[in-house]
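See below for the structure under consideration.
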Amino acid sequence: MTCKSLQGPALNALYYELGCLACVFMCMPKSLWEITIEEPQIDGRGKQSHNKHSFCRVMRKSDWRILQKYLPRVRVLRSDTYSAHMIVDVGVLSAVSCYCGPSLLPNIQHLHLGDRHFPYFMYMLHDVVLFPRLLLGTRLTTLDLHGHESKTLPVLTIAADTCPFLKSIHISFCGRIKDEILEIIEVIAYRLKKLESIYLDLKDDFTVSVPQILSVLASLSLLTDISLKWCIPTKSLRSTSSTIPWAAIRLPALRNLHIQAQPLQVIQVMKTLQDLTSLNRLSVMFNDVGADTAVPEAIGIIAKTLITTSAAVRDIEILFPHSDNTGLLPFDALRPLFRFHNLTRFRVEECPHPAWDDAMLEQLARSFPNLTHLNLLWNRSPYVDMGDVTDTNITLRGLASLLLHCPKFQMLALAVDVTSSEDLDDEDSDVSHVCHTPLTHWQVYNSVIEDDDDVDLAARTLARIAPDIESFVPLEIGQAWYLGQDAAVEDSIRQ
């Protein structure tokens with residue numbers, strides 16, 4: 001038994017965050033409710049079965065008094081793919097709404113419904129549509145709603161009306177959305193003046209241009225984070241992007257910008273941006289690139305925009321998910337970014353192999369003398385032999401050169417080929433005398449180490465040029481085709 005003095009704090013901790021709405025209703029007498037297993041239903045993605053929380057008798061005022069002890073303690077409600085199979089019957093929500101005031105959860109601050117990776121698992125969003133004011137409290141600051149369709153969009157309008165302190169909105173769509181998305185964005189921008197972060201995952205067939213959306217969001221003076229994911233058929237984009245003159249968009253307070261789109265779409269958006277004076281981090285993920293030759297042009301436009309908008313960017317991330325076109329990203333395509341000498345973080349990940357070598361890595365290092373974090377991961381097909389052109393051409397000498405020119409370097413994610421490396425003891429140069437102590441973490445990916453001699457060479461070299469490395473981390477087992485003897489290297493260094 002918990003003493004009465006601790007009962008309040010204990011209940012506050014227990015009910016601070018709920019995994020599903022049914023959890024709080026289970027606090028009422030067991031004679032009131034029951035959980036039944038619903039038959040599998042077809043939802044367009046296959047058969048989905050779920051448990052259903054419902055009332056088996058009429059709710060009384062005494063039941064409500066019990067529930068009142070717990071509702072004000074809830075600050076976070078999070079329903080995702082793991083809890084989506086427990087749904088609350090509409091009759092329960094209807095009965096509760098007869099007793100509660102404007103909001104069922106008066107002190108809720110963070111509401112997360114659905115999973116942006118699996119929006120079609122979302123049942124609870126439909127409950128919010130039926131009883132929106134039950135969950136949308138006036139103190140809400142974070143709203144994540146995933147799985148939107150046209151019929152659920154009014155929830156966002158109600159949220160804009162009832163949640164004046166909202167600072168963060170994450171929205172993804174799984175149904176057909178047309179021009180109505182722009183109307184919703186206009187309502188959000190007009191009413192939620194405290195909004196600081198917005199994430200939009202738009203469907204492929206939406207008709208509103210992203211520059212239009214950004215123009216509306218530009219009126220939010222406190223907006224610091226924008227994340228946009230969308231895709232338009234390249235053919236349609238090519239036919240319209242050069243003919244429509246977009247007005248310049250000013251986002252002087254923006255600090256973080258993430259864009260996930262095709263190269264031509266990235267070009268279209270970056271050309272419209274005019275004021276990014278506060279931008280600190282830019283992340284661009286190129287979707288569906290295939291053999292798209294617009295990637296180098298897009299990177300060039302990105303660099304030009306950052307310069308002309310006086311962006312004080314310190315962190316640049318370029319991502320290429322699931323692309324194996326080896327000619328897609330030549331090293332020269334990245335040169336426009338080398339003008340940002342104040343970069344502290346640079347990440348090029350999951351890109352087609354650019355066939356980089358030590359000289360190229362040295363050029364990158366000389367361009368970014370303030371670099372503290374570097375991630376260079378390119379895709380390697382599991383169907384090619386070791387030694388193929390898709391393997392890394394960077395050796396331990398290239399690593400030493402990187403540490404020489406980036407004295408603040410702390411964390412590295414890079415594959416090297418130890419089999420092609422030479423012993424730095426055999427030469428007398430600045431590189432051979434490197435002793436870099438800030439580097440503590442190295443994600444080695446599929447670095448090439450074949451035998452004990454390679455392990456010994458790597459251990460001796462690293463013990464000298466980076467003596468304070470604390471951890472070697474391989475790529476995830478499912479993704480790494482050859483991890484090498486990184487554990488043996490670490491053990492040899494310790495000896």
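For the structure tokens, the naming scheme is as follows: chains receive sequential letters (A, B, ...) according to their order of presentation, residues are indexed from 1 within each chain, and ligands are indexed from 1 in presentation order.
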
Contacts of segment 89-102 of chain A at 9 Å (only C-alpha atoms; same-chain gap of 2+ positions) as a VMD selection string: chain A and resid 25 33 52 to 55 58 to 59 61 64 68 87 104 106 127 130 to 131 133 to 134 137

As a list in words, please: the residues near Leu111 of chain A (cut-off 7 Å, only C-alpha atoms, same-chain neighbours under 5 positions excluded). Val76, Leu77, Arg78, Thr142, Leu143 and Asp144 of chain A

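Distance annotation: of A:Ile449, A:Met86, A:Ala10, A:Ile158, the residue with the minimal separation from Glu34 of chain A is A:Met86; atom set is only C-alpha atoms.
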
Just want the 6 Å neighbourhood of Leu200 of chain A, counted on only C-alpha atoms, with same-chain residues fewer than 5 positions away dropped. Output as number ranges by chain. A: 171-172, 228

Just write the chosen residues, N, CA, C and O atoms, as a PDB file, in the first residue's frame.
ATOM      1  N   ILE A 171       2.083  16.036 -39.345  1.00  0.00           N
ATOM      2  CA  ILE A 171       0.922  15.510 -40.046  1.00  0.00           C
ATOM      3  C   ILE A 171       1.374  14.661 -41.229  1.00  0.00           C
ATOM      4  O   ILE A 171       2.244  15.075 -42.006  1.00  0.00           O
ATOM      5  N   SER A 172       0.799  13.474 -41.352  1.00  0.00           N
ATOM      6  CA  SER A 172       1.028  12.662 -42.547  1.00  0.00           C
ATOM      7  C   SER A 172      -0.310  12.198 -43.095  1.00  0.00           C
ATOM      8  O   SER A 172      -1.295  12.095 -42.363  1.00  0.00           O
ATOM      9  N   LEU A 228       9.381  18.742 -44.873  1.00  0.00           N
ATOM     10  CA  LEU A 228       8.424  18.478 -45.940  1.00  0.00           C
ATOM     11  C   LEU A 228       8.830  17.243 -46.722  1.00  0.00           C
ATOM     12  O   LEU A 228       9.987  17.098 -47.132  1.00  0.00           O
TER      13      LEU A 228
END

Would you pick out the contacts of Cys435 of chain A at 10 Å or less, using only C-alpha atoms, so that residues sharing its chain but fewer than 6 positions from it are not included, and give the list as a list of chain:residue names? A:Ala400, A:Leu403, A:Leu404, A:Pro407, A:Leu462, A:Ala463, A:Arg464, A:Ile465, A:Ala466, A:Pro467, A:Asp468

Those residues you just picked out, can you put them in a file as a PDB file, in the first residue's frame with N, CA, C and O atoms?
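What ended up in again.pdb:
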ATOM      1  N   ALA A 400      44.229   9.705 -41.892  1.00  0.00           N
ATOM      2  CA  ALA A 400      45.201  10.548 -41.189  1.00  0.00           C
ATOM      3  C   ALA A 400      45.172  11.977 -41.724  1.00  0.00           C
ATOM      4  O   ALA A 400      45.262  12.948 -40.960  1.00  0.00           O
ATOM      5  N   LEU A 403      42.196  13.811 -40.260  1.00  0.00           N
ATOM      6  CA  LEU A 403      42.429  14.234 -38.877  1.00  0.00           C
ATOM      7  C   LEU A 403      43.412  15.401 -38.807  1.00  0.00           C
ATOM      8  O   LEU A 403      43.307  16.252 -37.921  1.00  0.00           O
ATOM      9  N   LEU A 404      44.341  15.454 -39.748  1.00  0.00           N
ATOM     10  CA  LEU A 404      45.315  16.545 -39.778  1.00  0.00           C
ATOM     11  C   LEU A 404      44.644  17.883 -40.067  1.00  0.00           C
ATOM     12  O   LEU A 404      44.946  18.897 -39.420  1.00  0.00           O
ATOM     13  N   PRO A 407      41.151  19.605 -36.980  1.00  0.00           N
ATOM     14  CA  PRO A 407      41.643  19.398 -35.613  1.00  0.00           C
ATOM     15  C   PRO A 407      40.550  19.243 -34.555  1.00  0.00           C
ATOM     16  O   PRO A 407      40.836  18.784 -33.452  1.00  0.00           O
ATOM     17  N   LEU A 462      46.159   3.400 -35.903  1.00  0.00           N
ATOM     18  CA  LEU A 462      45.153   4.101 -35.112  1.00  0.00           C
ATOM     19  C   LEU A 462      45.658   4.430 -33.716  1.00  0.00           C
ATOM     20  O   LEU A 462      45.299   5.463 -33.149  1.00  0.00           O
ATOM     21  N   ALA A 463      46.479   3.561 -33.151  1.00  0.00           N
ATOM     22  CA  ALA A 463      47.028   3.829 -31.819  1.00  0.00           C
ATOM     23  C   ALA A 463      47.887   5.092 -31.825  1.00  0.00           C
ATOM     24  O   ALA A 463      48.008   5.781 -30.803  1.00  0.00           O
ATOM     25  N   ARG A 464      48.412   5.428 -32.985  1.00  0.00           N
ATOM     26  CA  ARG A 464      49.265   6.604 -33.085  1.00  0.00           C
ATOM     27  C   ARG A 464      48.494   7.847 -33.519  1.00  0.00           C
ATOM     28  O   ARG A 464      48.637   8.914 -32.924  1.00  0.00           O
ATOM     29  N   ILE A 465      47.668   7.726 -34.562  1.00  0.00           N
ATOM     30  CA  ILE A 465      47.020   8.924 -35.100  1.00  0.00           C
ATOM     31  C   ILE A 465      45.732   9.273 -34.364  1.00  0.00           C
ATOM     32  O   ILE A 465      45.291  10.424 -34.402  1.00  0.00           O
ATOM     33  N   ALA A 466      45.084   8.290 -33.703  1.00  0.00           N
ATOM     34  CA  ALA A 466      43.841   8.551 -32.973  1.00  0.00           C
ATOM     35  C   ALA A 466      43.823   7.697 -31.706  1.00  0.00           C
ATOM     36  O   ALA A 466      43.019   6.768 -31.580  1.00  0.00           O
ATOM     37  N   PRO A 467      44.686   8.006 -30.750  1.00  0.00           N
ATOM     38  CA  PRO A 467      44.863   7.128 -29.590  1.00  0.00           C
ATOM     39  C   PRO A 467      43.679   7.091 -28.629  1.00  0.00           C
ATOM     40  O   PRO A 467      43.596   6.185 -27.802  1.00  0.00           O
ATOM     41  N   ASP A 468      42.740   8.045 -28.725  1.00  0.00           N
ATOM     42  CA  ASP A 468      41.647   8.102 -27.754  1.00  0.00           C
ATOM     43  C   ASP A 468      40.323   7.578 -28.290  1.00  0.00           C
ATOM     44  O   ASP A 468      39.266   7.832 -27.706  1.00  0.00           O
TER      45      ASP A 468
END

Just asking: which residues within segment 87-160 of chain A are strand (DSSP E) according to DSSP, as a ChimeraX atom specification? /A:87-88,110-113,142-148

Quick check for you: according to DSSP on this backbone, which residues of segment 284-468 of chain A are classed as alpha helix (DSSP H)? Reply as JSON, numbers by chain. {"A": [295, 296, 297, 298, 299, 300, 301, 302, 303, 304, 305, 306, 307, 308, 358, 359, 360, 361, 362, 363, 364, 365, 366, 367, 396, 397, 398, 399, 400, 401, 402, 403, 404, 405, 452, 453, 454, 455, 456, 457, 458, 459, 460, 461, 462, 463, 464, 465]}

Please dump the current selection as a compact mmCIF listing (two decimals), in the first residue's frame; keep C-alpha atoms.
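Saved to part-v4.txt:
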# COMPACT_ATOMS: atom_id res chain seq x y z
CA VAL A 295 21.21 15.61 -58.67
CA PRO A 296 24.40 17.64 -59.38
CA GLU A 297 22.26 20.59 -60.51
CA ALA A 298 20.17 20.33 -57.35
CA ILE A 299 23.26 20.38 -55.13
CA GLY A 300 24.54 23.40 -57.04
CA ILE A 301 21.24 25.23 -56.53
CA ILE A 302 21.29 24.33 -52.83
CA ALA A 303 24.75 25.88 -52.46
CA LYS A 304 23.77 28.98 -54.44
CA THR A 305 20.63 29.49 -52.35
CA LEU A 306 22.51 29.15 -49.08
CA ILE A 307 25.00 31.78 -50.21
CA THR A 308 22.50 34.28 -51.64
CA ASP A 358 42.44 9.85 -50.30
CA ALA A 359 43.02 12.99 -52.39
CA MET A 360 39.30 13.73 -52.53
CA LEU A 361 38.90 13.20 -48.81
CA GLU A 362 41.78 15.62 -48.22
CA GLN A 363 40.06 18.27 -50.35
CA LEU A 364 36.92 17.85 -48.29
CA ALA A 365 38.89 18.10 -45.04
CA ARG A 366 40.71 21.28 -46.16
CA SER A 367 37.33 22.84 -47.02
CA LEU A 396 44.40 4.85 -43.56
CA ARG A 397 46.51 7.62 -45.05
CA GLY A 398 43.33 9.40 -46.13
CA LEU A 399 42.01 9.04 -42.60
CA ALA A 400 45.20 10.55 -41.19
CA SER A 401 44.92 13.44 -43.64
CA LEU A 402 41.34 14.04 -42.51
CA LEU A 403 42.43 14.23 -38.88
CA LEU A 404 45.31 16.55 -39.78
CA HIS A 405 43.12 19.15 -41.47
CA ASP A 452 45.93 -10.54 -39.32
CA ASP A 453 48.52 -8.32 -41.01
CA ASP A 454 45.77 -5.85 -41.88
CA VAL A 455 44.53 -5.91 -38.30
CA ASP A 456 48.04 -5.23 -36.97
CA LEU A 457 48.56 -2.36 -39.43
CA ALA A 458 45.24 -0.77 -38.55
CA ALA A 459 45.89 -1.16 -34.83
CA ARG A 460 49.38 0.39 -34.97
CA THR A 461 48.23 3.26 -37.16
CA LEU A 462 45.15 4.10 -35.11
CA ALA A 463 47.03 3.83 -31.82
CA ARG A 464 49.26 6.60 -33.08
CA ILE A 465 47.02 8.92 -35.10
